[in-house]
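Note: the block below is data-v6.cif and it holds mmCIF, C-alpha atoms.
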```
data_start
loop_
_atom_site.label_atom_id
_atom_site.label_comp_id
_atom_site.auth_asym_id
_atom_site.auth_seq_id
_atom_site.Cartn_x
_atom_site.Cartn_y
_atom_site.Cartn_z
CA MET A 145 3.35 7.31 21.49
CA ASN A 146 4.26 3.77 22.54
CA GLU A 147 0.89 2.57 23.82
CA GLU A 148 -0.34 -0.56 22.10
CA ILE A 149 -3.61 -0.51 20.24
CA PRO A 150 -6.11 -2.93 21.79
CA VAL A 151 -6.82 -5.80 19.41
CA THR A 152 -10.51 -6.16 20.29
CA THR A 153 -12.69 -4.13 22.61
CA ARG A 154 -16.27 -4.77 23.65
CA LEU A 155 -18.42 -1.69 23.96
CA ALA A 156 -21.69 -1.53 25.88
CA ALA A 157 -24.55 0.50 24.41
CA GLY A 158 -23.66 4.17 24.81
CA GLN A 159 -20.00 3.47 25.62
CA ALA A 160 -17.09 5.06 23.74
CA LEU A 161 -13.42 4.21 23.31
CA HIS A 162 -11.05 7.18 22.93
CA MET A 163 -7.70 6.28 21.40
CA PHE A 164 -4.83 7.52 19.29
CA ALA A 165 -4.87 5.76 15.92
CA PRO A 166 -1.68 5.76 13.84
CA ALA A 167 -2.15 6.22 10.10
CA GLY A 168 -3.05 2.88 8.54
CA THR A 169 -4.87 1.49 11.59
CA MET A 170 -7.75 -0.75 10.49
CA LEU A 171 -10.98 -0.60 12.52
CA VAL A 172 -13.48 -3.44 12.05
CA ALA A 173 -17.02 -3.62 13.43
CA ALA A 174 -16.67 -7.25 14.53
CA GLN A 175 -20.08 -7.30 16.23
CA GLY A 176 -22.86 -4.72 16.14
CA GLY A 177 -22.45 -1.28 14.60
CA ILE A 178 -19.98 1.43 15.60
CA ARG A 179 -19.41 5.11 14.89
CA ILE A 180 -15.94 6.57 14.44
CA LEU A 181 -15.56 10.27 15.13
CA ARG A 182 -12.36 12.15 14.25
CA ALA A 183 -11.50 15.75 14.92
CA ALA A 184 -13.11 18.13 12.45
CA HIS A 185 -11.07 19.40 9.55
CA TRP A 186 -11.41 23.01 8.41
CA PRO A 187 -11.64 23.44 4.63
CA ALA A 188 -12.25 27.09 3.71
CA GLY A 189 -12.41 27.99 7.42
CA HIS A 190 -15.55 25.97 8.17
CA PRO A 191 -15.48 22.95 10.51
CA VAL A 192 -16.51 19.69 8.90
CA PRO A 193 -16.92 16.78 11.32
CA GLN A 194 -15.49 13.46 10.23
CA GLU A 195 -17.88 10.72 11.29
CA ILE A 196 -17.98 7.22 9.84
CA ALA A 197 -20.66 4.66 10.63
CA LEU A 198 -19.76 0.98 10.26
CA ARG A 199 -22.22 -1.90 10.29
CA GLU A 200 -21.24 -5.34 11.53
CA GLY A 201 -18.51 -6.77 9.31
CA GLU A 202 -17.50 -3.44 7.74
CA ALA A 203 -14.02 -1.94 8.11
CA HIS A 204 -12.34 1.45 7.88
CA ARG A 205 -8.63 2.26 7.46
CA VAL A 206 -7.49 5.44 9.25
CA ARG A 207 -5.84 7.67 6.67
CA ASP A 208 -4.21 10.25 8.95
CA ALA A 209 -2.89 9.65 12.47
CA GLY A 210 -4.88 11.27 15.25
CA TRP A 211 -7.24 10.90 18.18
CA ILE A 212 -10.54 9.16 17.48
CA SER A 213 -13.64 8.19 19.39
CA VAL A 214 -15.27 4.82 18.65
CA SER A 215 -18.79 4.54 20.06
CA ALA A 216 -21.65 2.07 20.02
CA ASN A 217 -25.42 2.62 20.27
CA VAL A 218 -25.94 -1.10 20.87
CA PRO A 219 -23.54 -3.66 22.39
CA ALA A 220 -20.67 -4.01 19.93
CA GLU A 221 -17.15 -5.30 19.50
CA VAL A 222 -14.50 -3.41 17.55
CA ALA A 223 -11.25 -4.91 16.28
CA CYS A 224 -8.32 -2.50 15.94
CA LEU A 225 -5.54 -3.80 13.74
CA PRO A 226 -2.24 -1.91 13.80
CA PRO A 227 -0.86 -0.45 10.58
CA GLU A 228 1.20 -2.67 8.33
CA PRO A 229 4.94 -1.96 8.50
CA GLN A 230 6.03 0.69 6.02
CA PRO A 231 8.77 -0.08 3.50
CA ALA A 232 12.23 1.15 4.40
CA SER A 233 13.29 4.57 3.21
CA LEU A 234 15.30 4.68 0.01
CA PRO A 235 18.55 5.80 1.72
CA GLY A 236 18.18 3.03 4.31
CA LEU A 237 17.46 0.49 1.61
CA LEU A 238 20.51 1.60 -0.39
CA ARG A 239 22.74 1.28 2.71
CA ALA A 240 21.43 -2.24 3.31
CA VAL A 241 22.06 -3.24 -0.33
CA ARG A 242 25.59 -1.77 -0.26
CA SER A 243 26.34 -3.60 2.97
CA TRP A 244 25.03 -6.87 1.53
CA LEU A 245 27.08 -6.41 -1.67
CA ALA A 246 30.26 -5.70 0.33
CA ALA A 247 29.71 -8.81 2.46
CA ARG A 248 29.02 -10.87 -0.69
CA ARG A 249 32.20 -9.61 -2.40
CA ALA A 250 34.25 -10.41 0.70
CA PHE A 251 32.74 -13.90 0.86
CA LEU A 252 33.44 -14.56 -2.83
CA ALA A 253 36.99 -13.19 -2.56
CA ASP A 254 37.64 -15.43 0.44
CA ALA A 255 36.19 -18.46 -1.39
CA ASN A 256 38.39 -17.75 -4.48
CA GLU A 257 41.54 -17.53 -2.32
CA ARG A 258 40.86 -20.97 -0.86
CA HIS A 259 40.70 -22.62 -4.30
#
```
Written as structure tokens, that's how I'd like the structure from this file.
Amino acid sequence: MNEEIPVTTRLAAGQALHMFAPAGTMLVAAQGGIRILRAAHWPAGHPVPQEIALREGEAHRVRDAGWISVSANVPAEVACLPPEPQPASLPGLLRAVRSWLAARRAFLADANERH
């Protein structure tokens, strides 16, 4: 999904924001209190709702990607910060290091030939 996460959203009392939150998204109750509702998970075949209440100034990091509902009982403002970039995969990192080493060797070999 390529939709951008809104940075801040004002919610009127009783209003809800429905959005897809990638894993690692940080939600902050910038003003007022908010409730975050995620789809229920089903341990042992019984639905368990996932609801988190945040007071003004509190934050929650979304552990698993998914659709959430952020609601307010009073006027509120919620800040949604996108996840931090993940480190490169090990194979990708190894390719980058090998490429850098090859370029470095070529540079040093060229510099030695000039002297």
Hey, what's within 10 Å of stretch 207-212 of chain A if we count all atoms listed in the file and toss same-chain stuff fewer than 5 positions away? As a tab-separated table (two decimals) with C-alpha atoms, in the coordinates of the input, please?
```tsv
chain	number	residue	atom	x	y	z
A	160	ALA	CA	-17.09	5.06	23.74
A	161	LEU	CA	-13.42	4.21	23.31
A	162	HIS	CA	-11.05	7.18	22.93
A	163	MET	CA	-7.70	6.28	21.40
A	164	PHE	CA	-4.83	7.52	19.29
A	165	ALA	CA	-4.87	5.76	15.92
A	166	PRO	CA	-1.68	5.76	13.84
A	167	ALA	CA	-2.15	6.22	10.10
A	168	GLY	CA	-3.05	2.88	8.54
A	169	THR	CA	-4.87	1.49	11.59
A	170	MET	CA	-7.75	-0.75	10.49
A	180	ILE	CA	-15.94	6.57	14.44
A	181	LEU	CA	-15.56	10.27	15.13
A	182	ARG	CA	-12.36	12.15	14.25
A	183	ALA	CA	-11.50	15.75	14.92
A	194	GLN	CA	-15.49	13.46	10.23
A	195	GLU	CA	-17.88	10.72	11.29
```
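When atom CA of A:Ala156 is paired with atom CA of A:Leu198, their separation reads 15.9 Å.
Atom CA of A:Ala197 to atom CA of A:Arg179 spans 4.5 Å [interatomic distance, one decimal].
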Residues within 9 Å of A:Gly201, please, as a PDB file with C-alpha atoms, in the frame of the given file. Count all atoms listed in the file; anything in the same chain fewer than 3 positions from it doesn't count.
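Below you can see part-v8.pdb, which holds the result:
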```pdb
ATOM      1  CA  VAL A 172     -13.480  -3.440  12.050  1.00  0.00           C
ATOM      2  CA  ALA A 173     -17.020  -3.620  13.430  1.00  0.00           C
ATOM      3  CA  ALA A 174     -16.670  -7.250  14.530  1.00  0.00           C
ATOM      4  CA  GLN A 175     -20.080  -7.300  16.230  1.00  0.00           C
ATOM      5  CA  GLY A 176     -22.860  -4.720  16.140  1.00  0.00           C
ATOM      6  CA  GLY A 177     -22.450  -1.280  14.600  1.00  0.00           C
ATOM      7  CA  LEU A 198     -19.760   0.980  10.260  1.00  0.00           C
TER       8      LEU A 198
END
```
Quiz prompt | Explicit residue set for the PyMOL selection byres ((chain A and resi 217) around 7), as a PyMOL selection string | solution = chain A and resi 157-158+215-216+218-219
Practice problem: Rank A:Leu155, A:Ile178, A:Leu234, A:Ala246 by their smallest atom-to-atom distance to A:Glu200, using only C-alpha atoms, and report the top residue only. | Solution: A:Ile178
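Straight-line separation from atom CA of A:Cys224 to atom CA of A:Gly236: 29.5 Å.
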